[in-house]
Amino acid sequence: MFYVYVLKSEVDGRLYKGMTTDVLKRVSQHNLGQNKSTKGFLPWILIYQEEFSTREEARKREKYFKSGVGREFLKIKLNL
């Protein structure tokens, strides 16, 4: 299974969207500072995830979340 996830920085509230096969491991990597783009905004909390059966579906959804329309969707869905 593939997962698309959304993290929120507890420092400034920014969101990070990503894709993985192991959400808990990936969140841990973010919080250990092992990701260059999230390292400066620790700690991160998992606020949303979706599950997909193929990598292609998950990648498409991740790209959507990173688009303007996708950001608006998340804003409404997550009451941000």
# chains A, B, ... in the order shown; residues from 1 in each chain; ligands from 1

$ residues_around --residues "stretch 29-31 of chain A" --least-positions-apart "5" --cutoff "12 Å" --atoms "only C-alpha atoms" --output "list in words"
Val6, Leu7, Lys8, Ser9, Glu10, Tyr16, Lys17, Gly18, Thr20, Asp22, Val23, Leu24, Lys36, Ser37, Thr38, Lys39, Gly40, Phe41, Leu42, Pro43, Trp44, Ile45 and Leu46 of chain A

$ write_last_selection --atoms "C-alpha atoms" --output "PDB file, in the first residue's frame"
ATOM      1  CA  VAL A   6       0.039  15.733   5.442  1.00  0.00           C
ATOM      2  CA  LEU A   7       2.173  16.972   8.314  1.00  0.00           C
ATOM      3  CA  LYS A   8       1.800  20.203  10.239  1.00  0.00           C
ATOM      4  CA  SER A   9       4.717  22.011  11.828  1.00  0.00           C
ATOM      5  CA  GLU A  10       4.159  22.783  15.491  1.00  0.00           C
ATOM      6  CA  TYR A  16       4.094  19.374   4.304  1.00  0.00           C
ATOM      7  CA  LYS A  17       2.631  16.855   1.866  1.00  0.00           C
ATOM      8  CA  GLY A  18       4.376  13.599   0.992  1.00  0.00           C
ATOM      9  CA  THR A  20       5.380   6.791   1.476  1.00  0.00           C
ATOM     10  CA  ASP A  22       5.289   3.448   5.870  1.00  0.00           C
ATOM     11  CA  VAL A  23       3.711   6.553   7.389  1.00  0.00           C
ATOM     12  CA  LEU A  24       4.957   6.126  10.962  1.00  0.00           C
ATOM     13  CA  LYS A  36      16.199  18.689   4.261  1.00  0.00           C
ATOM     14  CA  SER A  37      12.970  20.529   3.494  1.00  0.00           C
ATOM     15  CA  THR A  38      11.356  19.902   6.891  1.00  0.00           C
ATOM     16  CA  LYS A  39      14.411  19.967   9.155  1.00  0.00           C
ATOM     17  CA  GLY A  40      14.076  23.623  10.147  1.00  0.00           C
ATOM     18  CA  PHE A  41      10.467  23.375  11.303  1.00  0.00           C
ATOM     19  CA  LEU A  42      10.492  20.534  13.849  1.00  0.00           C
ATOM     20  CA  PRO A  43       8.448  19.014  15.364  1.00  0.00           C
ATOM     21  CA  TRP A  44       5.844  17.750  12.881  1.00  0.00           C
ATOM     22  CA  ILE A  45       2.518  16.084  13.602  1.00  0.00           C
ATOM     23  CA  LEU A  46       0.565  13.863  11.241  1.00  0.00           C
TER      24      LEU A  46
END

$ select_by_dssp --residues "chain A" --states "strand (DSSP E or B)" --output "PyMOL selection string"
chain A and resi 2-9+15-20+44-52

$ closest_residue --among "A:Met19, A:Arg55, A:Tyr48, A:Gln34" --to "A:Asn79" --atoms "only C-alpha atoms"
A:Tyr48

$ select_by_dssp --residues "chain A" --states "helix (DSSP H, G or I)" --output "MDAnalysis selection string"
chainID A and resid 23:31 39:41 55:65 68:77

$ atom_distance --atom1 "atom CA of A:Val27" --atom2 "atom CA of A:Gly68"
23.8 Å

$ residues_around --residues "A:Tyr64" --least-positions-apart "6" --cutoff "10 Å" --atoms "only C-alpha atoms" --output "list of chain:residue names"
A:Lys17, A:Ala58, A:Gly70, A:Arg71, A:Phe73

$ write_last_selection --atoms "N, CA and C atoms" --output "PDB file, in the first residue's frame"
ATOM      1  N   LYS A  17       3.339  17.982   2.472  1.00  0.00           N
ATOM      2  CA  LYS A  17       2.631  16.855   1.866  1.00  0.00           C
ATOM      3  C   LYS A  17       3.646  15.894   1.283  1.00  0.00           C
ATOM      4  N   ALA A  58      -1.177   7.267  -5.729  1.00  0.00           N
ATOM      5  CA  ALA A  58      -0.686   8.054  -4.599  1.00  0.00           C
ATOM      6  C   ALA A  58       0.070   9.279  -5.085  1.00  0.00           C
ATOM      7  N   GLY A  70      -5.698  21.764  -4.535  1.00  0.00           N
ATOM      8  CA  GLY A  70      -5.482  20.770  -3.481  1.00  0.00           C
ATOM      9  C   GLY A  70      -5.244  21.405  -2.127  1.00  0.00           C
ATOM     10  N   ARG A  71      -4.512  22.512  -2.108  1.00  0.00           N
ATOM     11  CA  ARG A  71      -4.294  23.227  -0.837  1.00  0.00           C
ATOM     12  C   ARG A  71      -5.607  23.752  -0.285  1.00  0.00           C
ATOM     13  N   PHE A  73      -8.565  22.413  -0.874  1.00  0.00           N
ATOM     14  CA  PHE A  73      -9.279  21.225  -0.412  1.00  0.00           C
ATOM     15  C   PHE A  73      -8.849  20.868   1.007  1.00  0.00           C
TER      16      PHE A  73
END

$ atom_distance --atom1 "atom CA of A:Ile47" --atom2 "atom CA of A:Ile76"
13.3 Å

$ atom_distance --atom1 "atom CA of A:Glu56" --atom2 "atom CA of A:Leu74"
20.3 Å

$ closest_residue --among "A:Lys25, A:Ser67, A:Arg61, A:Leu80" --to "A:Gly13" --atoms "only C-alpha atoms"
A:Leu80
